[in-house]
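Peer 1: The structure file entry37.cif (mmCIF, C-alpha atoms and all ligand atoms) is provided below.
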```cif
data_upload
#
loop_
_atom_site.label_atom_id
_atom_site.label_comp_id
_atom_site.auth_asym_id
_atom_site.auth_seq_id
_atom_site.Cartn_x
_atom_site.Cartn_y
_atom_site.Cartn_z
CA MET A 447 222.08 122.41 -72.73
CA ILE A 448 223.92 121.86 -76.00
CA ALA A 449 222.27 119.66 -78.63
CA ALA A 450 224.57 116.85 -79.73
CA LYS A 451 224.26 113.95 -82.11
CA GLY A 452 226.00 110.66 -81.75
CA TYR A 453 226.09 106.97 -82.48
CA ALA A 454 224.94 104.88 -79.55
CA ALA A 455 224.29 101.29 -78.50
CA PRO A 456 220.71 101.38 -77.12
CA ALA A 457 221.26 98.30 -74.93
CA PRO A 458 224.03 95.74 -74.21
CA LYS A 459 225.25 93.84 -77.31
CA GLU A 460 222.88 95.77 -79.60
CA LYS A 461 223.87 97.43 -82.85
CA LEU A 462 224.85 101.09 -82.72
CA GLY A 463 222.73 103.73 -84.44
CA HIS A 464 222.00 107.45 -84.55
CA TRP A 465 221.03 109.02 -81.24
CA ASP A 466 220.38 112.67 -80.33
CA PHE A 467 221.35 113.77 -76.82
CA GLU A 468 222.57 116.79 -74.86
CA ARG A 469 225.92 117.98 -73.58
CA ARG A 470 226.15 120.29 -70.57
CA GLU A 471 226.49 124.03 -71.09
CA VAL A 472 230.08 125.28 -71.22
CA GLY A 473 230.99 126.10 -67.59
CA PRO A 474 233.69 128.57 -66.50
CA HIS A 475 236.44 125.90 -66.66
CA ASP A 476 235.09 123.97 -69.66
CA VAL A 477 236.28 123.63 -73.21
CA GLN A 478 233.83 122.66 -75.97
CA PHE A 479 235.29 121.20 -79.11
CA ASP A 480 233.78 119.81 -82.27
CA ILE A 481 234.98 116.27 -82.84
CA HIS A 482 236.64 115.58 -86.18
CA TYR A 483 237.91 112.04 -85.60
CA CYS A 484 237.49 109.29 -83.02
CA GLY A 485 239.56 106.11 -82.79
CA VAL A 486 237.91 102.73 -82.24
CA CYS A 487 239.36 100.98 -79.19
CA HIS A 488 238.92 97.29 -78.37
CA SER A 489 237.45 98.43 -75.04
CA ASP A 490 234.57 100.14 -76.90
CA LEU A 491 233.41 96.71 -77.99
CA HIS A 492 234.01 95.20 -74.52
CA GLN A 493 231.85 97.91 -72.94
CA VAL A 494 229.06 97.76 -75.51
CA ASN A 495 228.95 94.01 -74.80
CA ASN A 496 228.98 94.49 -70.98
CA ASP A 497 232.10 92.27 -70.78
CA TRP A 498 233.68 94.01 -67.81
CA PHE A 499 230.81 95.48 -65.75
CA PRO A 500 227.17 96.47 -66.28
CA GLY A 501 227.22 99.51 -68.55
CA ILE A 502 225.12 102.66 -68.81
CA PHE A 503 222.82 102.67 -71.88
CA PRO A 504 222.28 104.21 -74.34
CA MET A 505 226.09 104.17 -74.65
CA VAL A 506 228.06 106.49 -76.92
CA PRO A 507 231.54 104.89 -76.97
CA GLY A 508 234.81 106.49 -78.00
CA HIS A 509 237.79 107.76 -76.02
CA GLU A 510 240.34 108.61 -78.70
CA ILE A 511 238.94 112.00 -79.56
CA VAL A 512 240.41 114.91 -81.52
CA GLY A 513 238.89 118.06 -82.92
CA LYS A 514 238.81 121.85 -82.84
CA VAL A 515 237.80 124.13 -79.98
CA VAL A 516 234.56 126.07 -80.60
CA ALA A 517 233.93 127.60 -77.14
CA VAL A 518 235.77 128.16 -73.88
CA GLY A 519 234.54 129.12 -70.41
CA SER A 520 235.37 132.45 -68.77
CA GLU A 521 238.10 130.95 -66.53
CA VAL A 522 239.80 128.82 -69.20
CA LYS A 523 243.47 129.74 -69.50
CA ASN A 524 245.13 127.24 -71.79
CA PHE A 525 242.77 126.94 -74.75
CA LYS A 526 241.21 129.34 -77.22
CA VAL A 527 238.65 128.96 -80.00
CA GLY A 528 240.30 127.40 -83.06
CA ASP A 529 242.90 125.34 -81.13
CA LEU A 530 243.24 121.65 -81.88
CA ALA A 531 242.30 119.57 -78.87
CA GLY A 532 242.12 115.97 -77.72
CA VAL A 533 240.47 113.91 -75.00
CA GLY A 534 241.43 110.39 -73.98
CA CYS A 535 239.93 107.94 -71.51
CA LEU A 536 239.34 110.37 -68.62
CA VAL A 537 237.29 113.56 -68.29
CA ASP A 538 237.63 114.15 -64.52
CA SER A 539 238.95 112.76 -61.23
CA CYS A 540 238.79 113.77 -57.55
CA ARG A 541 242.00 115.85 -57.96
CA THR A 542 242.74 115.61 -54.21
CA CYS A 543 243.81 112.00 -53.47
CA GLU A 544 247.45 110.89 -53.26
CA ASN A 545 247.43 109.57 -56.82
CA CYS A 546 245.74 112.61 -58.35
CA LYS A 547 248.28 114.84 -56.57
CA LYS A 548 251.04 112.80 -58.26
CA ASP A 549 249.52 113.28 -61.75
CA LEU A 550 248.24 109.71 -61.71
CA GLU A 551 244.57 110.53 -62.29
CA GLN A 552 244.17 107.16 -64.00
CA TYR A 553 244.60 105.57 -60.55
CA CYS A 554 242.38 108.05 -58.67
CA LEU A 555 241.54 106.46 -55.31
CA ASN A 556 238.05 107.97 -55.30
CA GLY A 557 237.20 106.82 -58.80
CA ASN A 558 237.89 108.93 -61.86
CA VAL A 559 235.28 109.87 -64.45
CA GLY A 560 235.58 107.91 -67.69
CA THR A 561 234.94 109.65 -70.99
CA TYR A 562 231.93 107.40 -71.56
CA ASN A 563 230.01 104.71 -69.68
CA SER A 564 230.74 106.58 -66.46
CA LYS A 565 229.04 109.21 -64.28
CA ASP A 566 230.28 112.75 -63.77
CA LYS A 567 230.40 114.47 -60.37
CA GLN A 568 226.77 115.55 -60.77
CA GLY A 569 225.76 111.95 -61.39
CA ASN A 570 225.04 112.39 -65.10
CA PRO A 571 226.19 109.72 -67.57
CA THR A 572 229.17 110.59 -69.75
CA TYR A 573 229.06 110.09 -73.52
CA GLY A 574 232.12 109.54 -75.68
CA GLY A 575 233.58 110.47 -79.01
CA TYR A 576 231.26 108.77 -81.49
CA SER A 577 229.56 112.17 -81.54
CA ASN A 578 229.87 115.60 -83.08
CA THR A 579 230.82 117.72 -80.06
CA ILE A 580 232.01 117.39 -76.45
CA VAL A 581 232.34 119.57 -73.33
CA VAL A 582 235.21 118.76 -70.95
CA ASP A 583 236.95 120.56 -68.08
CA GLU A 584 240.16 122.07 -69.47
CA ALA A 585 242.24 120.15 -66.92
CA PHE A 586 241.43 116.99 -68.90
CA VAL A 587 241.80 118.41 -72.41
CA LEU A 588 245.05 117.86 -74.29
CA HIS A 589 246.84 120.09 -76.77
CA VAL A 590 247.36 118.53 -80.19
CA SER A 591 250.10 119.67 -82.56
CA ASP A 592 249.16 120.78 -86.06
CA LYS A 593 252.38 119.16 -87.34
CA LEU A 594 250.80 115.69 -87.36
CA PRO A 595 247.87 114.35 -89.44
CA LEU A 596 244.94 114.84 -87.06
CA ALA A 597 243.10 111.57 -87.76
CA ALA A 598 246.25 109.54 -87.04
CA VAL A 599 246.72 111.38 -83.72
CA ALA A 600 243.35 110.18 -82.36
CA PRO A 601 244.54 106.67 -81.37
CA LEU A 602 247.43 108.18 -79.42
CA LEU A 603 244.88 109.25 -76.78
CA CYS A 604 244.37 105.63 -75.66
CA ALA A 605 246.56 103.16 -77.59
CA GLY A 606 249.45 105.63 -77.55
CA ILE A 607 249.49 106.55 -73.86
CA THR A 608 248.68 102.97 -72.77
CA THR A 609 251.96 101.78 -74.28
CA TYR A 610 254.06 104.94 -73.75
CA SER A 611 253.40 105.12 -70.01
CA PRO A 612 254.73 101.67 -68.98
CA LEU A 613 257.77 101.97 -71.26
CA ARG A 614 258.61 105.26 -69.55
CA HIS A 615 257.79 103.97 -66.04
CA TRP A 616 260.13 100.98 -66.40
CA LYS A 617 262.67 103.17 -68.24
CA VAL A 618 262.83 100.86 -71.22
CA GLY A 619 265.50 101.99 -73.65
CA LYS A 620 269.03 101.39 -74.94
CA GLY A 621 270.48 98.02 -73.95
CA HIS A 622 267.07 96.48 -73.23
CA LYS A 623 265.47 93.61 -75.08
CA LEU A 624 261.78 94.42 -75.34
CA ALA A 625 259.15 92.00 -76.60
CA VAL A 626 255.81 93.35 -77.75
CA LEU A 627 253.14 90.68 -77.45
CA GLY A 628 250.40 91.17 -80.04
CA LEU A 629 250.58 93.48 -83.04
CA GLY A 630 247.25 95.30 -82.95
CA GLY A 631 246.25 98.86 -82.06
CA LEU A 632 248.28 98.85 -78.84
CA GLY A 633 251.09 96.62 -80.10
CA HIS A 634 251.96 98.67 -83.15
CA MET A 635 252.29 101.79 -80.99
CA ALA A 636 254.47 99.85 -78.50
CA VAL A 637 256.80 98.91 -81.37
CA LYS A 638 257.10 102.54 -82.49
CA PHE A 639 257.80 103.81 -78.96
CA GLY A 640 260.17 100.96 -78.10
CA VAL A 641 262.22 101.67 -81.23
CA ALA A 642 262.15 105.44 -80.56
CA PHE A 643 263.44 104.82 -77.01
CA GLY A 644 266.38 102.76 -78.34
CA ALA A 645 265.38 99.22 -77.23
CA GLU A 646 265.85 96.08 -79.29
CA VAL A 647 262.23 95.29 -80.20
CA THR A 648 260.86 91.83 -80.96
CA VAL A 649 257.23 91.26 -81.92
CA LEU A 650 255.63 88.09 -80.56
CA SER A 651 252.64 87.05 -82.64
CA THR A 652 250.57 83.98 -83.50
CA SER A 653 250.38 85.02 -87.15
CA PRO A 654 253.51 84.73 -89.34
CA ARG A 655 251.87 87.01 -91.90
CA LYS A 656 252.49 89.98 -89.58
CA GLU A 657 256.29 89.72 -89.81
CA GLU A 658 256.65 92.02 -92.79
CA ASP A 659 254.50 94.70 -91.14
CA ALA A 660 256.34 94.37 -87.84
CA LYS A 661 259.65 95.03 -89.59
CA LYS A 662 258.14 97.98 -91.47
CA LEU A 663 257.05 99.48 -88.17
CA GLY A 664 260.67 99.22 -87.01
CA ALA A 665 260.77 95.93 -85.08
CA HIS A 666 264.17 94.23 -85.16
CA LYS A 667 262.97 90.66 -84.66
CA PHE A 668 259.83 88.57 -84.99
CA VAL A 669 258.83 85.39 -83.19
CA VAL A 670 255.88 83.21 -84.22
CA THR A 671 254.54 82.00 -80.87
CA THR A 672 252.89 78.90 -82.32
CA ASP A 673 256.31 77.70 -83.57
CA LYS A 674 257.95 75.61 -80.79
CA GLU A 675 261.48 76.08 -82.11
CA GLN A 676 261.15 79.85 -82.34
CA VAL A 677 259.73 79.98 -78.80
CA ALA A 678 262.56 77.79 -77.47
CA ALA A 679 265.10 80.11 -79.09
CA VAL A 680 263.96 83.08 -76.94
CA LYS A 681 263.78 81.22 -73.59
CA GLY A 682 265.09 83.57 -70.86
CA TYR A 683 265.81 86.29 -73.43
CA PHE A 684 263.73 89.42 -72.83
CA ASP A 685 264.11 92.13 -70.18
CA PHE A 686 260.52 93.23 -70.72
CA ILE A 687 257.43 91.84 -72.35
CA LEU A 688 254.71 94.40 -73.06
CA ASP A 689 251.56 92.28 -73.26
CA THR A 690 248.90 94.02 -75.34
CA VAL A 691 246.62 91.02 -75.86
CA SER A 692 242.96 91.26 -74.81
CA ALA A 693 242.10 87.65 -75.64
CA GLU A 694 242.85 84.60 -73.48
CA HIS A 695 246.53 83.54 -73.56
CA ASP A 696 248.92 81.47 -71.43
CA LEU A 697 251.03 83.85 -69.35
CA ASN A 698 253.25 80.99 -68.15
CA MET A 699 254.63 80.42 -71.64
CA TYR A 700 255.57 84.09 -71.98
CA LEU A 701 257.09 84.32 -68.49
CA GLY A 702 259.47 81.58 -69.68
CA MET A 703 260.82 84.02 -72.28
CA LEU A 704 261.84 86.58 -69.63
CA ALA A 705 265.45 86.93 -68.51
CA THR A 706 266.29 86.90 -64.77
CA ASP A 707 264.70 89.98 -63.15
CA GLY A 708 262.56 90.46 -66.24
CA THR A 709 259.12 92.06 -66.11
CA HIS A 710 255.95 91.06 -67.95
CA ILE A 711 253.66 94.10 -68.18
CA CYS A 712 249.97 93.59 -68.95
CA VAL A 713 248.17 96.44 -70.71
CA GLY A 714 245.48 94.41 -72.47
CA ALA A 715 242.46 93.23 -70.50
CA PRO A 716 241.10 89.74 -71.25
CA SER A 717 237.59 89.14 -69.91
CA GLU A 718 238.62 85.96 -68.04
CA PRO A 719 241.30 85.54 -65.32
CA SER A 720 244.69 84.14 -66.42
CA PRO A 721 246.18 81.47 -64.12
CA VAL A 722 249.89 81.94 -63.29
CA ARG A 723 252.11 79.27 -61.70
CA ALA A 724 254.38 80.55 -58.91
CA PHE A 725 257.23 78.59 -60.55
CA SER A 726 256.88 80.76 -63.66
CA LEU A 727 257.90 83.75 -61.52
CA LEU A 728 260.27 82.46 -58.83
CA GLY A 729 262.60 80.69 -61.26
CA GLY A 730 264.37 83.89 -62.30
CA ARG A 731 262.97 86.47 -59.83
CA LYS A 732 260.47 87.65 -62.43
CA SER A 733 257.77 90.27 -62.06
CA LEU A 734 254.24 90.24 -63.41
CA ALA A 735 252.98 93.82 -63.63
CA GLY A 736 250.22 95.90 -65.11
CA SER A 737 249.74 99.45 -66.29
CA GLY A 738 246.61 101.41 -67.15
CA ILE A 739 246.57 104.30 -69.63
CA GLY A 740 248.45 107.33 -68.18
CA GLY A 741 247.88 110.60 -66.32
CA ILE A 742 246.97 113.84 -68.06
CA ALA A 743 250.45 115.40 -67.76
CA GLU A 744 252.07 112.27 -69.15
CA THR A 745 249.52 112.09 -71.98
CA GLN A 746 250.52 115.64 -72.97
CA GLU A 747 254.21 114.63 -72.72
CA MET A 748 253.48 111.67 -75.03
CA LEU A 749 251.66 113.87 -77.58
CA ASP A 750 254.56 116.34 -77.55
CA PHE A 751 257.06 113.48 -77.97
CA CYS A 752 255.05 112.21 -80.94
CA ALA A 753 254.99 115.66 -82.55
CA GLU A 754 258.77 116.01 -82.12
CA ASN A 755 259.51 112.53 -83.40
CA ASN A 756 256.84 112.33 -86.09
CA ILE A 757 255.05 109.37 -84.51
CA VAL A 758 251.40 108.64 -85.26
CA SER A 759 249.15 105.60 -85.41
CA GLU A 760 248.66 103.56 -88.59
CA ILE A 761 244.99 104.00 -89.32
CA GLU A 762 242.11 102.91 -91.51
CA MET A 763 239.45 105.60 -91.76
CA ILE A 764 235.81 104.48 -91.66
CA ASP A 765 232.33 105.92 -92.03
CA ILE A 766 230.33 105.82 -88.81
CA LYS A 767 227.71 103.58 -90.48
CA ASP A 768 230.40 100.89 -90.86
CA ILE A 769 231.18 100.69 -87.15
CA GLN A 770 229.63 97.22 -86.77
CA THR A 771 231.81 95.85 -89.58
CA ALA A 772 234.79 97.51 -87.94
CA TYR A 773 233.98 95.75 -84.64
CA ASP A 774 233.68 92.39 -86.43
CA ARG A 775 237.00 92.91 -88.19
CA MET A 776 238.68 94.10 -84.98
CA LEU A 777 237.62 90.87 -83.25
CA LYS A 778 239.35 88.90 -86.01
CA GLY A 779 242.47 91.05 -85.75
CA ASP A 780 241.76 92.30 -89.27
CA VAL A 781 242.78 95.94 -88.88
CA ARG A 782 245.99 97.79 -89.70
CA TYR A 783 246.21 99.04 -87.04
CA ARG A 784 243.45 101.26 -85.74
CA PHE A 785 240.06 102.17 -87.13
CA VAL A 786 239.33 105.88 -86.92
CA ILE A 787 235.83 107.23 -87.49
CA ASP A 788 235.51 110.24 -89.75
CA ILE A 789 232.95 112.13 -87.64
CA ALA A 790 231.93 114.18 -90.71
CA THR A 791 230.05 111.02 -91.79
CA LEU A 792 227.82 111.13 -88.67
ZN ZN B 801 240.94 102.53 -75.25
ZN ZN B 802 241.86 111.19 -57.03
#
```
Please rewrite the model in this file as structure tokens.
Ligand SMILES: [Zn+2]
Ligand SMILES: [Zn+2]

Peer 2:
Amino acid sequence: MIAAKGYAAPAPKEKLGHWDFERREVGPHDVQFDIHYCGVCHSDLHQVNNDWFPGIFPMVPGHEIVGKVVAVGSEVKNFKVGDLAGVGCLVDSCRTCENCKKDLEQYCLNGNVGTYNSKDKQGNPTYGGYSNTIVVDEAFVLHVSDKLPLAAVAPLLCAGITTYSPLRHWKVGKGHKLAVLGLGGLGHMAVKFGVAFGAEVTVLSTSPRKEEDAKKLGAHKFVVTTDKEQVAAVKGYFDFILDTVSAEHDLNMYLGMLATDGTHICVGAPSEPSPVRAFSLLGGRKSLAGSGIGGIAETQEMLDFCAENNIVSEIEMIDIKDIQTAYDRMLKGDVRYRFVIDIATL
């Protein structure tokens, strides 16, 4: 086994601290890379708090992982020692079901293996990127361009692909009016991609103080959703709403902003169910949809697109010892726009 050190939550809702553990030996198809940076995703906090399902503890969160390859197995074809590498939310899947065969490993019918808080095919718990090194099958390791600042690439592995994938799936681009609901880690990436794809992008936010930032990120318009007049002005306006909000919110109000045949796409995951009135949908043949991260091939496509178009996340670098403060600030929406842990501080 390979000795690893990490930062773990010992039990649900408890503070994270140093924890020594082991990674598996590098198998014939495995890549081992030393982690340089790991993004802090809202779902890390949800899982540490057991918000979605009972977790596996101790838990080493983190699924926005980038670093440099230090070992490869004998059968590995696409990576060599010294390459930059990344891992997102998945480290394995069944690879044989209909969805896996279509490069949709995120929807694996037999249950994929999450990067942390999951069990691998041998039944061992997986541990994420708040750690110094990781061993992953090369089929789930991404190539990272050296053209982009590495720390700012990390959030692309979850926040990036989570917003890129639905915009590509629904072919959002020129001639479309896209609303991005929420300007956080996911939302700010959605703005960048929406603009890059040629859509007219409007940010919908409860806080007027985010307008200046939204415009800086490239958004064309800004609507304060607590302002009745501004909300009335965009009734029936948008072709798509990309909903990145993980807190409770009234879907019916936003469905009213969709044009006929418009689609509201949920990518955030509030802990509680959100009631929807049928009238919110049938008056205008509207669709309520969802999208979860993206497959491995599409994640590589997204990283390549970002390298070509010079797109990265806006980040605030933190020391690992400040993770609790980062969680508190993330809950208050006080982050521009993604915390990234400098793993050298571990
Ligand atoms: Zn995430
Ligand atoms: Zn599968």

Peer 1: Once 5 Å is added on each side, what are the centre and the three edge lengths, in Å to one decimal, of the axis-aligned box enclosing the listed atoms of stretch 500-515 of chain A? Present them as AutoDock Vina command-line options.

Peer 2:
```
--center_x 231.3 --center_y 110.3 --center_z -74.6 --size_x 28.1 --size_y 37.7 --size_z 26.6
```

Peer 1: Rank A:Glu754, A:Val533, A:Leu629, A:Gly640 by their smallest atom-to-atom distance to A:Asp592, using all atoms listed in the file, and report the top residue only.

Peer 2: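 Looking only at the distances to A:Asp592, the closest residue turns out to be A:Glu754.
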
Peer 1: Show me which residues line ligand ZN 802 (chain B), defined as having an atom within 12 Å of a ligand atom where only C-alpha atoms and all ligand atoms count, and present them as a count of residues only.

Peer 2: 24

Peer 1: Show me, as a ChimeraX atom specification, the residues that have an atom within 12 Å of A:Leu462 when counting only C-alpha atoms, minus same-chain residues fewer than 5 positions from it.

Peer 2: /A:452-457,490-491,494-495,503-507,576,766-773

Peer 1: Any chance you can output those residues with C-alpha atoms as a tab-separated table (two decimals), in the coordinates of the input?

Peer 2:
```
chain	number	residue	atom	x	y	z
A	452	GLY	CA	226.00	110.66	-81.75
A	453	TYR	CA	226.09	106.97	-82.48
A	454	ALA	CA	224.94	104.88	-79.55
A	455	ALA	CA	224.29	101.29	-78.50
A	456	PRO	CA	220.71	101.38	-77.12
A	457	ALA	CA	221.26	98.30	-74.93
A	490	ASP	CA	234.57	100.14	-76.90
A	491	LEU	CA	233.41	96.71	-77.99
A	494	VAL	CA	229.06	97.76	-75.51
A	495	ASN	CA	228.95	94.01	-74.80
A	503	PHE	CA	222.82	102.67	-71.88
A	504	PRO	CA	222.28	104.21	-74.34
A	505	MET	CA	226.09	104.17	-74.65
A	506	VAL	CA	228.06	106.49	-76.92
A	507	PRO	CA	231.54	104.89	-76.97
A	576	TYR	CA	231.26	108.77	-81.49
A	766	ILE	CA	230.33	105.82	-88.81
A	767	LYS	CA	227.71	103.58	-90.48
A	768	ASP	CA	230.40	100.89	-90.86
A	769	ILE	CA	231.18	100.69	-87.15
A	770	GLN	CA	229.63	97.22	-86.77
A	771	THR	CA	231.81	95.85	-89.58
A	772	ALA	CA	234.79	97.51	-87.94
A	773	TYR	CA	233.98	95.75	-84.64
```

Peer 1: Please give me, as a ChimeraX atom specification, the residues lying within 8 Å of ligand ZN 801 (chain B) when counting all atoms listed in the file.

Peer 2: /A:486-490,508-510,534-535,603-605

Peer 1: Which distance in Å separates atom CA of A:Asp480 and atom CA of A:Thr579, to one decimal?

Peer 2: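 Value for the atom CA of A:Asp480-atom CA of A:Thr579 distance: 4.2 Å.
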
Peer 1: Tell me, as a list of chain:residue names, which residues lie within 6 Å of A:Ser651, counting only C-alpha atoms; anything in the same chain fewer than 6 positions away does not count.

Peer 2: A:Gly628, A:Val670, A:Thr671

Peer 1: Would you write out, as JSON lines, a table of all residues in stretch 693-749 of chain A that have an atom no more than 9 Å from an atom of stretch 581-591 of chain A, listing for each the closest atom pair and the distance in Å to one decimal, considering all atoms listed in the file and ordering rows by chain and rising residue number?

Peer 2:
```
{"residue": "A:Ile742", "atom": "CA", "partner": "A:Phe586", "partner_atom": "CA", "distance": 6.4}
{"residue": "A:Ala743", "atom": "CA", "partner": "A:Leu588", "partner_atom": "CA", "distance": 8.8}
{"residue": "A:Thr745", "atom": "CA", "partner": "A:Leu588", "partner_atom": "CA", "distance": 7.7}
{"residue": "A:Gln746", "atom": "CA", "partner": "A:Leu588", "partner_atom": "CA", "distance": 6.0}
{"residue": "A:Leu749", "atom": "CA", "partner": "A:Val590", "partner_atom": "CA", "distance": 6.9}
```
